[in-house]
>>> print(open('target34.cif').read())   # mmCIF, C-alpha atoms and all ligand atoms
data_my_file
loop_
_atom_site.label_atom_id
_atom_site.label_comp_id
_atom_site.auth_asym_id
_atom_site.auth_seq_id
_atom_site.Cartn_x
_atom_site.Cartn_y
_atom_site.Cartn_z
CA MET O 1 -5.27 17.61 -1.66
CA THR O 2 -3.95 21.14 -1.90
CA VAL O 3 -2.54 22.98 -4.95
CA LEU O 4 0.88 22.84 -3.29
CA ARG O 5 0.76 19.04 -3.29
CA PHE O 6 -0.06 19.01 -7.02
CA ILE O 7 2.93 21.29 -7.64
CA GLU O 8 5.12 19.05 -5.49
CA TRP O 9 4.01 15.99 -7.49
CA PHE O 10 4.75 17.51 -10.91
CA VAL O 11 8.07 19.05 -9.76
CA ILE O 12 9.29 15.66 -8.45
CA VAL O 13 8.33 14.01 -11.77
CA ALA O 14 10.12 16.76 -13.76
CA VAL O 15 13.32 16.61 -11.67
CA ILE O 16 13.58 12.81 -11.94
CA THR O 17 12.92 13.01 -15.70
CA VAL O 18 15.74 15.53 -16.23
CA ILE O 19 18.22 13.59 -14.06
CA LEU O 20 17.43 10.28 -15.77
CA GLN O 21 17.77 11.75 -19.27
CA VAL O 22 21.08 13.50 -18.56
CA VAL O 23 22.61 10.44 -16.86
CA GLN O 24 21.72 8.26 -19.84
CA ILE O 25 23.21 10.43 -22.62
CA PRO O 26 26.57 8.58 -22.63
CA LEU O 27 24.78 5.22 -22.75
CA ARG O 28 22.44 6.22 -25.54
CA THR O 29 25.08 7.95 -27.67
CA GLY O 30 25.89 5.22 -30.13
CA GLY O 31 24.06 2.80 -27.87
CA SER O 32 23.85 -0.74 -29.13
CA ALA O 33 20.71 -2.84 -29.31
CA LEU O 34 21.95 -4.63 -26.19
CA VAL O 35 22.07 -1.35 -24.26
CA TYR O 36 18.46 -0.59 -25.18
CA LEU O 37 17.35 -4.14 -24.35
CA LEU O 38 19.07 -4.16 -20.96
CA GLY O 39 17.83 -0.64 -20.25
CA PHE O 40 14.27 -1.69 -20.99
CA ILE O 41 14.43 -4.82 -18.81
CA ILE O 42 16.10 -3.13 -15.82
CA LYS O 43 13.93 0.00 -15.81
CA ALA O 44 10.66 -1.88 -16.37
CA ALA O 45 11.50 -4.35 -13.58
CA VAL O 46 12.57 -1.63 -11.12
CA SER O 47 9.49 0.45 -11.98
CA VAL O 48 7.03 -2.42 -11.43
CA GLY O 49 8.95 -3.42 -8.29
CA ILE O 50 8.62 0.08 -6.83
CA ALA O 51 4.90 0.18 -7.64
CA LEU O 52 4.37 -3.24 -6.07
CA TYR O 53 6.37 -2.27 -3.00
CA CYS O 54 4.39 0.97 -2.67
CA MET O 55 1.02 -0.69 -2.95
CA ALA O 56 1.42 -4.11 -1.40
CA PHE O 57 3.87 -3.78 1.48
CA CYS O 58 4.21 -1.53 4.48
CA SER O 59 7.71 -0.18 4.43
CA LYS O 60 9.01 2.61 6.62
CA LEU O 61 11.33 3.74 3.84
CA ILE O 62 8.68 3.91 1.09
CA TRP O 63 6.07 5.52 3.35
CA ASN O 64 8.41 8.36 4.27
CA LEU O 65 9.45 9.27 0.73
CA GLY O 66 6.23 11.14 -0.06
CA TYR O 67 5.38 11.21 -3.77
CA LEU O 68 8.93 10.20 -4.81
CA PRO O 69 8.29 6.43 -5.28
CA ALA O 70 5.26 6.98 -7.55
CA ALA O 71 7.15 9.60 -9.58
CA LEU O 72 10.13 7.27 -9.95
CA TYR O 73 7.81 4.46 -11.04
CA ALA O 74 6.14 6.60 -13.73
CA VAL O 75 9.36 8.08 -15.12
CA LEU O 76 11.22 4.73 -15.23
CA LEU O 77 8.29 2.93 -16.85
CA CYS O 78 7.97 5.54 -19.62
CA ASP O 79 11.72 5.61 -20.17
CA ALA O 80 11.71 1.79 -20.46
CA ALA O 81 8.95 2.12 -23.07
CA ALA O 82 11.12 4.61 -25.03
CA ASP O 83 13.99 2.08 -24.95
CA LEU O 84 11.65 -0.60 -26.27
CA ILE O 85 10.52 1.67 -29.13
CA ALA O 86 14.16 2.48 -29.96
CA LEU O 87 14.99 -1.23 -29.96
CA VAL O 88 12.09 -2.10 -32.29
CA ILE O 89 13.04 0.71 -34.71
CA ARG O 90 16.63 -0.48 -34.69
CA ILE O 91 15.59 -4.07 -35.46
CA LEU O 92 13.01 -3.17 -38.13
CA ARG O 93 14.90 -0.39 -39.94
CA GLY O 94 18.47 -1.31 -39.13
CA THR O 95 19.26 2.30 -38.23
CA GLU O 96 20.29 3.61 -34.88
CA PRO O 97 17.86 6.18 -33.40
CA GLY O 98 19.64 9.30 -32.14
CA PHE O 99 19.69 9.80 -28.39
CA GLN O 100 17.82 13.09 -28.80
CA ALA O 101 14.91 11.26 -30.48
CA VAL O 102 14.79 8.60 -27.72
CA MET O 103 14.97 11.33 -25.10
CA LEU O 104 12.08 13.21 -26.73
CA VAL O 105 9.93 10.07 -26.95
CA SER O 106 10.64 9.29 -23.29
CA ILE O 107 9.72 12.83 -22.15
CA LEU O 108 6.52 12.83 -24.24
CA LEU O 109 5.49 9.41 -22.92
CA THR O 110 6.18 10.50 -19.33
CA ALA O 111 4.20 13.73 -19.76
CA GLY O 112 1.24 11.88 -21.31
CA PHE O 113 1.27 9.10 -18.71
CA VAL O 114 1.60 11.40 -15.71
CA ILE O 115 -0.98 13.91 -16.95
CA TYR O 116 -3.45 11.11 -17.75
CA GLY O 117 -2.91 9.41 -14.37
CA THR O 118 -3.18 12.67 -12.44
CA VAL O 119 -6.32 13.87 -14.25
CA ASN O 120 -7.88 10.38 -14.01
CA MET O 121 -7.48 10.47 -10.21
CA GLN O 122 -9.45 13.73 -10.06
CA ILE O 123 -12.45 12.54 -12.07
CA ILE O 124 -14.97 10.58 -10.03
CA VAL O 125 -17.68 8.85 -12.04
CA PRO O 126 -20.75 6.84 -11.06
CA LYS O 127 -21.02 3.23 -12.12
CA GLU O 128 -24.48 1.65 -12.37
CA HIS O 129 -25.21 -1.94 -11.38
CA VAL O 130 -28.44 -3.93 -11.48
CA TYR O 131 -29.02 -7.10 -9.50
CA THR O 132 -32.32 -8.97 -9.60
CA SER O 133 -33.75 -11.46 -7.14
CA ASP O 134 -37.10 -13.00 -6.34
CA LYS O 135 -36.31 -12.30 -2.66
CA LEU O 136 -36.94 -8.61 -3.37
CA HIS O 137 -40.47 -7.23 -3.14
CA ASP O 138 -39.53 -3.67 -4.04
CA LYS O 139 -36.89 -1.80 -6.02
CA HIS O 140 -34.00 -0.44 -3.95
CA THR O 141 -31.29 1.98 -5.00
CA PHE O 142 -28.27 2.75 -2.85
CA VAL O 143 -24.71 3.97 -3.27
CA PHE O 144 -21.51 2.16 -2.27
CA ILE O 145 -18.36 4.20 -1.63
CA SER O 146 -14.98 2.75 -0.70
CA ASP O 147 -11.32 3.77 -0.47
CA LEU O 148 -11.63 7.53 -0.26
CA HIS O 149 -8.28 7.64 1.61
CA TYR O 150 -9.07 11.27 2.41
CA SER O 151 -7.28 13.42 1.31
CA ALA O 152 -3.82 12.92 -0.22
CA ALA O 153 -4.81 11.94 -3.76
CA GLN O 154 -7.78 14.13 -4.73
CA SER O 155 -8.66 17.79 -4.51
CA GLU O 156 -11.39 18.72 -2.06
CA SER O 157 -13.50 20.10 -4.92
CA ALA O 158 -13.40 16.72 -6.76
CA VAL O 159 -14.63 14.96 -3.60
CA ASP O 160 -17.28 17.61 -2.90
CA LYS O 161 -18.60 17.42 -6.47
CA ALA O 162 -19.00 13.62 -6.26
CA LEU O 163 -20.72 13.85 -2.88
CA ARG O 164 -23.12 16.51 -4.22
CA GLU O 165 -23.98 14.18 -7.14
CA ILE O 166 -24.59 11.32 -4.70
CA ALA O 167 -26.86 13.49 -2.51
CA ASP O 168 -28.78 14.60 -5.64
CA LEU O 169 -29.40 10.94 -6.57
CA LYS O 170 -31.36 10.61 -3.30
CA PRO O 171 -30.45 6.94 -2.78
CA GLU O 172 -32.22 5.02 0.00
CA PHE O 173 -28.93 4.83 1.87
CA VAL O 174 -25.18 4.95 1.41
CA LEU O 175 -22.73 2.19 2.35
CA LEU O 176 -19.15 3.16 3.19
CA GLY O 177 -16.84 0.24 2.43
CA GLY O 178 -13.77 1.22 4.47
CA ASP O 179 -10.49 3.08 4.02
CA ILE O 180 -12.35 6.36 4.13
CA THR O 181 -9.25 7.83 5.73
CA ASP O 182 -5.66 6.68 5.66
CA ASP O 183 -2.70 6.16 7.99
CA ARG O 184 -1.50 9.60 6.88
CA SER O 185 -4.79 11.47 7.39
CA THR O 186 -4.73 14.15 10.06
CA ALA O 187 -7.37 14.33 12.78
CA GLU O 188 -8.77 17.40 11.01
CA GLU O 189 -8.98 15.58 7.66
CA MET O 190 -10.68 12.61 9.38
CA ARG O 191 -13.30 14.90 10.96
CA GLU O 192 -13.80 16.73 7.65
CA ALA O 193 -14.36 13.45 5.76
CA TYR O 194 -17.09 12.24 8.12
CA GLU O 195 -18.76 15.65 8.31
CA LYS O 196 -19.09 15.54 4.52
CA LEU O 197 -20.28 11.91 4.46
CA GLY O 198 -22.70 12.47 7.33
CA SER O 199 -24.33 15.36 5.44
CA LEU O 200 -25.61 13.37 2.44
CA GLY O 201 -29.20 13.60 3.70
CA VAL O 202 -29.75 9.81 3.75
CA PRO O 203 -28.85 7.04 6.24
CA VAL O 204 -25.17 6.13 6.01
CA TYR O 205 -23.66 2.81 7.14
CA TYR O 206 -19.94 2.25 7.58
CA ILE O 207 -17.50 -0.65 7.83
CA TYR O 208 -13.82 -0.41 8.70
CA GLY O 209 -11.02 -0.90 6.19
CA ASN O 210 -7.40 -1.78 6.93
CA HIS O 211 -6.21 1.87 6.99
CA ASP O 212 -8.98 3.77 8.85
CA ARG O 213 -7.67 3.03 12.37
CA GLN O 214 -4.11 3.98 11.32
CA SER O 215 -2.70 0.63 12.40
CA HIS O 216 0.40 1.16 10.22
CA ALA O 217 0.98 4.74 11.35
CA ASP O 218 4.10 3.76 13.31
CA TYR O 219 5.84 3.89 9.93
CA ILE O 220 5.01 7.57 9.55
CA ARG O 221 5.55 9.24 12.90
CA GLY O 222 2.53 7.74 14.63
CA ALA O 223 -1.25 7.87 14.53
CA LYS O 224 -2.94 11.27 14.26
CA TYR O 225 -6.10 10.12 16.05
CA THR O 226 -7.14 7.16 18.18
CA PRO O 227 -9.63 4.44 17.17
CA GLU O 228 -11.92 5.84 19.88
CA GLU O 229 -11.78 9.36 18.38
CA LEU O 230 -12.52 7.88 14.96
CA GLU O 231 -15.51 5.92 16.25
CA GLU O 232 -16.84 8.94 18.14
CA THR O 233 -16.50 11.15 15.03
CA ILE O 234 -18.28 8.62 12.80
CA ARG O 235 -21.14 8.18 15.26
CA SER O 236 -21.46 11.91 16.02
CA ASN O 237 -22.05 12.53 12.31
CA GLY O 238 -25.04 10.19 12.40
CA ILE O 239 -23.25 7.34 10.61
CA THR O 240 -23.97 3.76 11.75
CA ILE O 241 -20.96 1.49 12.19
CA LEU O 242 -21.54 -2.15 11.27
CA ARG O 243 -18.84 -4.27 12.83
CA ASP O 244 -20.01 -7.83 12.19
CA GLU O 245 -23.51 -6.47 12.63
CA ILE O 246 -26.63 -6.30 10.52
CA ALA O 247 -28.96 -3.46 9.63
CA VAL O 248 -32.50 -4.46 8.66
CA LEU O 249 -33.47 -1.85 6.07
CA SER O 250 -36.86 -3.20 5.05
CA ASP O 251 -38.77 -6.49 5.16
CA ASP O 252 -36.87 -7.68 2.07
CA LEU O 253 -33.40 -6.12 2.50
CA VAL O 254 -30.65 -6.58 5.08
CA VAL O 255 -27.10 -5.24 5.15
CA LEU O 256 -24.37 -7.23 6.89
CA GLY O 257 -21.23 -5.19 7.62
CA ARG O 258 -18.02 -7.12 8.34
CA GLU O 259 -15.05 -6.23 10.53
CA ASP O 260 -11.94 -5.98 8.34
CA ALA O 261 -10.04 -9.21 7.73
CA SER O 262 -6.76 -7.54 8.79
CA ARG O 263 -8.02 -7.46 12.42
CA GLY O 264 -7.53 -11.21 12.91
CA ASP O 265 -9.50 -12.56 15.88
CA GLU O 266 -11.45 -9.32 16.25
CA ARG O 267 -13.39 -10.42 13.17
CA CYS O 268 -16.27 -12.80 13.96
CA ALA O 269 -16.25 -16.32 12.62
CA VAL O 270 -19.07 -16.63 10.10
CA ARG O 271 -20.97 -19.00 12.44
CA ASP O 272 -21.06 -16.25 15.11
CA LEU O 273 -22.50 -13.55 12.84
CA PRO O 274 -26.00 -12.34 13.76
CA ALA O 275 -28.85 -14.26 12.14
CA ARG O 276 -30.35 -12.63 9.07
CA PRO O 277 -34.17 -12.51 8.74
CA GLU O 278 -35.43 -15.49 6.77
CA GLY O 279 -36.06 -14.82 3.09
CA ALA O 280 -34.51 -11.33 2.99
CA TYR O 281 -32.00 -10.25 0.32
CA VAL O 282 -28.64 -9.91 2.08
CA VAL O 283 -25.98 -7.39 1.02
CA CYS O 284 -22.66 -8.12 2.72
CA VAL O 285 -20.09 -5.31 2.86
CA ASP O 286 -16.53 -6.48 3.49
CA HIS O 287 -13.59 -4.18 2.76
CA SER O 288 -11.32 -6.90 1.38
CA PRO O 289 -12.64 -9.14 -1.41
CA TYR O 290 -10.18 -11.97 -0.85
CA GLN O 291 -11.97 -13.98 1.87
CA GLU O 292 -13.69 -16.44 -0.46
CA GLU O 293 -14.27 -19.04 2.27
CA ASP O 294 -16.19 -16.44 4.28
CA ILE O 295 -18.18 -15.41 1.21
CA LEU O 296 -19.16 -19.04 0.59
CA ALA O 297 -20.03 -19.65 4.27
CA THR O 298 -21.97 -16.38 4.65
CA GLY O 299 -24.00 -17.03 1.52
CA ALA O 300 -25.07 -13.40 1.08
CA ASP O 301 -26.86 -12.56 -2.16
CA LEU O 302 -24.46 -9.73 -2.94
CA GLN O 303 -21.07 -8.76 -1.52
CA LEU O 304 -19.55 -5.34 -2.11
CA SER O 305 -15.84 -4.83 -1.52
CA GLY O 306 -13.02 -2.42 -2.32
CA HIS O 307 -9.42 -2.39 -1.08
CA THR O 308 -7.69 -3.26 -4.38
CA HIS O 309 -8.12 0.11 -6.15
CA ALA O 310 -8.24 -2.11 -9.29
CA GLY O 311 -4.42 -2.11 -9.14
CA GLN O 312 -4.22 1.73 -9.47
CA PHE O 313 -0.85 1.63 -11.33
CA PHE O 314 -0.37 -0.13 -14.69
CA PRO O 315 0.63 -3.02 -14.89
CA LEU O 316 -0.12 -3.96 -11.25
CA GLN O 317 -3.57 -5.28 -12.18
CA TYR O 318 -1.86 -8.08 -14.15
CA VAL O 319 0.78 -8.69 -11.48
CA TYR O 320 -1.92 -8.93 -8.78
CA ARG O 321 -3.85 -11.44 -10.84
CA LEU O 322 -0.91 -13.84 -10.60
CA SER O 323 -1.41 -14.16 -6.83
CA VAL O 324 -4.96 -13.15 -5.90
CA ASN O 325 -8.45 -13.35 -7.35
CA ASN O 326 -11.11 -10.68 -7.26
CA ILE O 327 -9.15 -7.57 -8.23
CA TYR O 328 -11.84 -5.47 -9.88
CA GLY O 329 -15.32 -5.95 -11.30
CA ASP O 330 -18.01 -8.64 -11.18
CA TYR O 331 -17.38 -12.12 -9.84
CA LYS O 332 -19.50 -15.04 -8.75
CA VAL O 333 -18.42 -16.86 -5.57
CA GLY O 334 -20.77 -19.79 -4.94
CA SER O 335 -24.25 -18.26 -5.13
CA THR O 336 -23.00 -14.78 -4.15
CA ASP O 337 -22.59 -11.95 -6.64
CA LEU O 338 -19.36 -10.17 -5.69
CA TYR O 339 -18.54 -6.70 -6.96
CA VAL O 340 -15.08 -5.28 -6.28
CA SER O 341 -15.02 -1.50 -6.67
CA SER O 342 -12.00 0.41 -7.98
CA GLY O 343 -12.73 2.86 -5.15
CA ILE O 344 -13.76 6.50 -5.19
CA ALA O 345 -10.07 7.54 -4.92
CA GLY O 346 -6.91 5.50 -4.35
CA TRP O 347 -3.93 5.10 -2.13
CA TYR O 348 -1.99 8.27 -1.29
CA PHE O 349 -0.41 9.08 -4.69
CA PRO O 350 -2.38 11.54 -6.87
CA PHE O 351 -2.14 9.12 -9.73
CA ARG O 352 -4.30 6.34 -11.22
CA THR O 353 -3.72 4.76 -14.61
CA VAL O 354 -5.86 1.65 -14.11
CA ALA O 355 -9.66 1.99 -14.21
CA HIS O 356 -11.43 5.12 -12.99
CA CYS O 357 -12.45 6.48 -9.60
CA ASN O 358 -15.97 5.19 -9.09
CA TYR O 359 -18.83 5.31 -6.68
CA GLU O 360 -21.20 2.46 -7.26
CA VAL O 361 -24.93 3.02 -7.80
CA ILE O 362 -26.56 -0.30 -6.90
CA ASN O 363 -30.05 -1.04 -8.17
CA LEU O 364 -31.82 -4.05 -6.69
CA ASP O 365 -34.86 -5.17 -8.70
CA PRO O 366 -37.53 -7.77 -7.96
CA ARG O 367 -37.32 -10.45 -10.60
FE FE T 401 -7.75 -1.14 1.93
#
>>> encode(input="target34.cif", output="C-alpha cells")
Amino acid sequence: MTVLRFIEWFVIVAVITVILQVVQIPLRTGGSALVYLLGFIIKAAVSVGIALYCMAFCSKLIWNLGYLPAALYAVLLCDAAADLIALVIRILRGTEPGFQAVMLVSILLTAGFVIYGTVNMQIIVPKEHVYTSDKLHDKHTFVFISDLHYSAAQSESAVDKALREIADLKPEFVLLGGDITDDRSTAEEMREAYEKLGSLGVPVYYIYGNHDRQSHADYIRGAKYTPEELEETIRSNGITILRDEIAVLSDDLVVLGREDASRGDERCAVRDLPARPEGAYVVCVDHSPYQEEDILATGADLQLSGHTHAGQFFPLQYVYRLSVNNIYGDYKVGSTDLYVSSGIAGWYFPFRTVAHCNYEVINLDPR
C-alpha cells in the first residue's frame, strides 16, 4: 500500500465526517431524546449493514467505491456511539447536551477508531501455538500465513518486516493458507508477493483461497492475471502448490493441502483424497474453516484455516457468529484441533478493529 493510498483513506474519512456533522446540526440543535435514539438506531444499522455487505457479499457497486464504504462504516458507527452517549446523558442528568459537545465527541471517537484500526492493520505480530501428540517422534516448528491480500491494506515495509522475522525464525517450512493476493491485485503485485514468499529460505507450501484466482474480478474491470500465470509464478518461485495433495515432510509429519471450497466440484471428495502414511501426524490446510463435515471425515490431527479475518470490523465478529461457527481461534471438531487465523492482513480496506494481524508459529511436540 502506498503513502498516497493512506492519504486517500484519511481524506475520505475526514470529508464524510465533516459532511455528516454539518448535515446534522439542525437535527441536534434542541434535539429531543427521540432524535438521538432514532439517530443511533439508523446509523448503527446502516454502518453494520455496510460492513457486512463489504465483507460478505460480492457487489459490483461496493467493489468499485474504493475505500468509501469502509470510511462510511467507521464514521457512521462512531457518530451513532456519540448519539448513544448524548441519549444516556440526557436520561441520567435530565439536561440536553449541546450539539457542539455531541459533535466533538463524535469527531474524537471517529479519530480514535480510525487511527486505531489503521495502525492495527499495519502491525503484524506472531502468535505461538503448541500441539502435542504421541504420533510425533520429533519436535517440529513451522509458520502458517493466510490472507495477505497483497497489497491494498498494508504498507510494503510492514509486510517485509514480518517476512524478515519469519525468515529469522528459521522454521522447518512455511504453509500459505490462501488469499495471498486479491481480486484487485495487479500482475506486478502478484509476482512481487510470491517473490517475497519464495525467498524465505525454507520450503514453502501453498493452497488456494477464494480470491487468489480473481474469480470475482468481473466486478472490478476484469482479472489482472490468469490462473495459469498465477500457478506459473508460484511454482517458479520454488513454492509447492498442494491442491488436494499431500506433502510428506518426515516419517511422522504430513501436510494435506485442500482445494478451496468455493471451487465446487474441482475440490476432491474426502474419500478421493490421497492416502496419508499410517501413524503420521496430519496437518490439513484448508482456506475456509466452515466445512465441518469434511474436517470430521478427513480426521486430520490439526487443521489450519483463515478466510474470516476474525471479522476485521467491529461488530462483525458477533454478527458472523449468529450464522457460522469457527470465526477465529481454537476449536475442536471431532478429534481434530482447528485453528482459524485472523490472517496476516485483511480484506482490501486499510483498517482492522477486531483482533490483530497474525502469522501463526506452530510448535508440534511429542507427548
Ligand atoms: Fe478468503
>>> atom_distance(input="target34.cif", atom1="CA of Val105 in chain O", atom2="CA of Phe6 in chain O")
24.0 Å
>>> closest_residue(input="target34.cif", among="O:Ser323, O:Gln303, O:Ser185, O:Thr2", to="Phe144 in chain O", atoms="all atoms listed in the file")
O:Gln303
>>> closest_residue(input="target34.cif", among="O:Ile123, O:Leu242, O:Leu176, O:Val254", to="Arg352 in chain O", atoms="all atoms listed in the file")
O:Ile123
>>> closest_atom_pairs(input="target34.cif", of="chain O", to="ligand FE 401 (chain T)", cutoff="8 Å", atoms="only C-alpha atoms and all ligand atoms", output="CSV")
residue,atom,partner,partner_atom,distance
O:Asp147,CA,T:FE401,FE,6.5
O:Gly178,CA,T:FE401,FE,6.9
O:Asp179,CA,T:FE401,FE,5.4
O:Gly209,CA,T:FE401,FE,5.4
O:Asn210,CA,T:FE401,FE,5.1
O:His211,CA,T:FE401,FE,6.1
O:His287,CA,T:FE401,FE,6.6
O:Ser288,CA,T:FE401,FE,6.8
O:Gly306,CA,T:FE401,FE,6.9
O:His307,CA,T:FE401,FE,3.7
O:Thr308,CA,T:FE401,FE,6.7
>>> residues_around(input="target34.cif", residues="Asp286 in chain O", least_positions_apart="4", cutoff="7 Å", atoms="all atoms listed in the file", output="PyMOL selection string")
chain O and resi 177+257-258+260+304-305
>>> write_last_selection(input="target34.cif", atoms="C-alpha atoms", output="PDB file, in the coordinates of the input")
ATOM      1  CA  GLY O 177     -16.840   0.240   2.430  1.00  0.00           C
ATOM      2  CA  GLY O 257     -21.230  -5.190   7.620  1.00  0.00           C
ATOM      3  CA  ARG O 258     -18.020  -7.120   8.340  1.00  0.00           C
ATOM      4  CA  ASP O 260     -11.940  -5.980   8.340  1.00  0.00           C
ATOM      5  CA  LEU O 304     -19.550  -5.340  -2.110  1.00  0.00           C
ATOM      6  CA  SER O 305     -15.840  -4.830  -1.520  1.00  0.00           C
TER       7      SER O 305
END
>>> closest_atom_pairs(input="target34.cif", of="range 164-256 of chain O", to="range 267-280 of chain O", cutoff="12 Å", atoms="all atoms listed in the file", output="Markdown table")
| residue | atom | partner | partner_atom | distance |
| --- | --- | --- | --- | --- |
| O:Ile207 | CA | O:Arg267 | CA | 11.9 |
| O:Tyr208 | CA | O:Arg267 | CA | 11.0 |
| O:Leu242 | CA | O:Pro274 | CA | 11.4 |
| O:Arg243 | CA | O:Arg267 | CA | 8.2 |
| O:Asp244 | CA | O:Leu273 | CA | 6.3 |
| O:Glu245 | CA | O:Pro274 | CA | 6.5 |
| O:Ile246 | CA | O:Pro274 | CA | 6.9 |
| O:Ala247 | CA | O:Arg276 | CA | 9.3 |
| O:Val248 | CA | O:Pro277 | CA | 8.2 |
| O:Leu249 | CA | O:Ala280 | CA | 10.0 |
| O:Ser250 | CA | O:Ala280 | CA | 8.7 |
| O:Asp251 | CA | O:Ala280 | CA | 6.8 |
| O:Asp252 | CA | O:Ala280 | CA | 4.4 |
| O:Leu253 | CA | O:Ala280 | CA | 5.3 |
| O:Val254 | CA | O:Ala280 | CA | 6.5 |
| O:Val255 | CA | O:Arg276 | CA | 9.0 |
| O:Leu256 | CA | O:Arg276 | CA | 8.3 |
>>> closest_residue(input="target34.cif", among="O:Ile12, O:Glu292, O:Phe57, O:Thr118", to="His216 in chain O", atoms="only C-alpha atoms")
O:Phe57
>>> atom_distance(input="target34.cif", atom1="CA of Leu169 in chain O", atom2="CA of Tyr205 in chain O")
16.9 Å
>>> closest_atom_pairs(input="target34.cif", of="range 291-311 of chain O", to="range 328-336 of chain O", cutoff="8 Å", atoms="all atoms listed in the file", output="Markdown table")
| residue | atom | partner | partner_atom | distance |
| --- | --- | --- | --- | --- |
| O:Glu292 | CA | O:Val333 | CA | 7.0 |
| O:Ile295 | CA | O:Val333 | CA | 6.9 |
| O:Leu296 | CA | O:Gly334 | CA | 5.8 |
| O:Gly299 | CA | O:Thr336 | CA | 6.2 |
| O:Ala300 | CA | O:Thr336 | CA | 5.8 |
| O:Asp301 | CA | O:Thr336 | CA | 4.9 |
| O:Leu302 | CA | O:Thr336 | CA | 5.4 |
| O:Gln303 | CA | O:Thr336 | CA | 6.8 |
| O:Thr308 | CA | O:Tyr328 | CA | 7.2 |
| O:His309 | CA | O:Tyr328 | CA | 7.7 |
| O:Ala310 | CA | O:Tyr328 | CA | 5.0 |
>>> atom_distance(input="target34.cif", atom1="CA of Ile16 in chain O", atom2="CA of Cys78 in chain O")
12.0 Å
>>> decode(input="target34.cif", residues="range 232-237 of chain O", atoms="all heavy atoms", output="PDB file, in the first residue's frame")
ATOM      1  N   GLU O 232       2.120 -20.504 -12.559  1.00  0.00           N
ATOM      2  CA  GLU O 232       3.490 -20.460 -13.060  1.00  0.00           C
ATOM      3  C   GLU O 232       4.372 -19.590 -12.137  1.00  0.00           C
ATOM      4  O   GLU O 232       5.510 -19.949 -11.830  1.00  0.00           O
ATOM      5  CB  GLU O 232       3.480 -19.912 -14.506  1.00  0.00           C
ATOM      6  CG  GLU O 232       4.809 -19.453 -15.075  1.00  0.00           C
ATOM      7  CD  GLU O 232       5.879 -20.535 -15.060  1.00  0.00           C
ATOM      8  OE1 GLU O 232       5.532 -21.719 -15.009  1.00  0.00           O
ATOM      9  OE2 GLU O 232       7.084 -20.159 -15.047  1.00  0.00           O
ATOM     10  N   THR O 233       3.830 -18.469 -11.677  1.00  0.00           N
ATOM     11  CA  THR O 233       4.601 -17.581 -10.789  1.00  0.00           C
ATOM     12  C   THR O 233       4.891 -18.268  -9.455  1.00  0.00           C
ATOM     13  O   THR O 233       6.014 -18.192  -8.936  1.00  0.00           O
ATOM     14  CB  THR O 233       3.815 -16.266 -10.521  1.00  0.00           C
ATOM     15  OG1 THR O 233       3.515 -15.670 -11.774  1.00  0.00           O
ATOM     16  CG2 THR O 233       4.604 -15.303  -9.666  1.00  0.00           C
ATOM     17  N   ILE O 234       3.861 -18.939  -8.911  1.00  0.00           N
ATOM     18  CA  ILE O 234       4.059 -19.620  -7.614  1.00  0.00           C
ATOM     19  C   ILE O 234       5.153 -20.682  -7.763  1.00  0.00           C
ATOM     20  O   ILE O 234       6.107 -20.726  -6.985  1.00  0.00           O
ATOM     21  CB  ILE O 234       2.728 -20.255  -7.137  1.00  0.00           C
ATOM     22  CG1 ILE O 234       1.693 -19.161  -6.850  1.00  0.00           C
ATOM     23  CG2 ILE O 234       2.952 -21.094  -5.885  1.00  0.00           C
ATOM     24  CD1 ILE O 234       0.282 -19.682  -6.604  1.00  0.00           C
ATOM     25  N   ARG O 235       5.006 -21.508  -8.785  1.00  0.00           N
ATOM     26  CA  ARG O 235       5.967 -22.606  -8.978  1.00  0.00           C
ATOM     27  C   ARG O 235       7.369 -22.077  -9.290  1.00  0.00           C
ATOM     28  O   ARG O 235       8.361 -22.612  -8.801  1.00  0.00           O
ATOM     29  CB  ARG O 235       5.506 -23.538 -10.098  1.00  0.00           C
ATOM     30  CG  ARG O 235       4.252 -24.326  -9.744  1.00  0.00           C
ATOM     31  CD  ARG O 235       4.011 -25.440 -10.767  1.00  0.00           C
ATOM     32  NE  ARG O 235       2.645 -25.931 -10.721  1.00  0.00           N
ATOM     33  CZ  ARG O 235       2.153 -26.756  -9.801  1.00  0.00           C
ATOM     34  NH1 ARG O 235       2.933 -27.172  -8.828  1.00  0.00           N
ATOM     35  NH2 ARG O 235       0.898 -27.159  -9.845  1.00  0.00           N
ATOM     36  N   SER O 236       7.443 -21.012 -10.096  1.00  0.00           N
ATOM     37  CA  SER O 236       8.777 -20.509 -10.478  1.00  0.00           C
ATOM     38  C   SER O 236       9.506 -19.876  -9.292  1.00  0.00           C
ATOM     39  O   SER O 236      10.718 -19.662  -9.356  1.00  0.00           O
ATOM     40  CB  SER O 236       8.667 -19.503 -11.629  1.00  0.00           C
ATOM     41  OG  SER O 236       8.006 -18.345 -11.181  1.00  0.00           O
ATOM     42  N   ASN O 237       8.794 -19.591  -8.222  1.00  0.00           N
ATOM     43  CA  ASN O 237       9.452 -19.087  -7.009  1.00  0.00           C
ATOM     44  C   ASN O 237       9.741 -20.210  -6.010  1.00  0.00           C
ATOM     45  O   ASN O 237      10.008 -19.952  -4.828  1.00  0.00           O
ATOM     46  CB  ASN O 237       8.599 -17.992  -6.357  1.00  0.00           C
ATOM     47  CG  ASN O 237       8.749 -16.665  -7.091  1.00  0.00           C
ATOM     48  OD1 ASN O 237       9.785 -16.007  -6.986  1.00  0.00           O
ATOM     49  ND2 ASN O 237       7.747 -16.294  -7.881  1.00  0.00           N
TER      50      ASN O 237
END
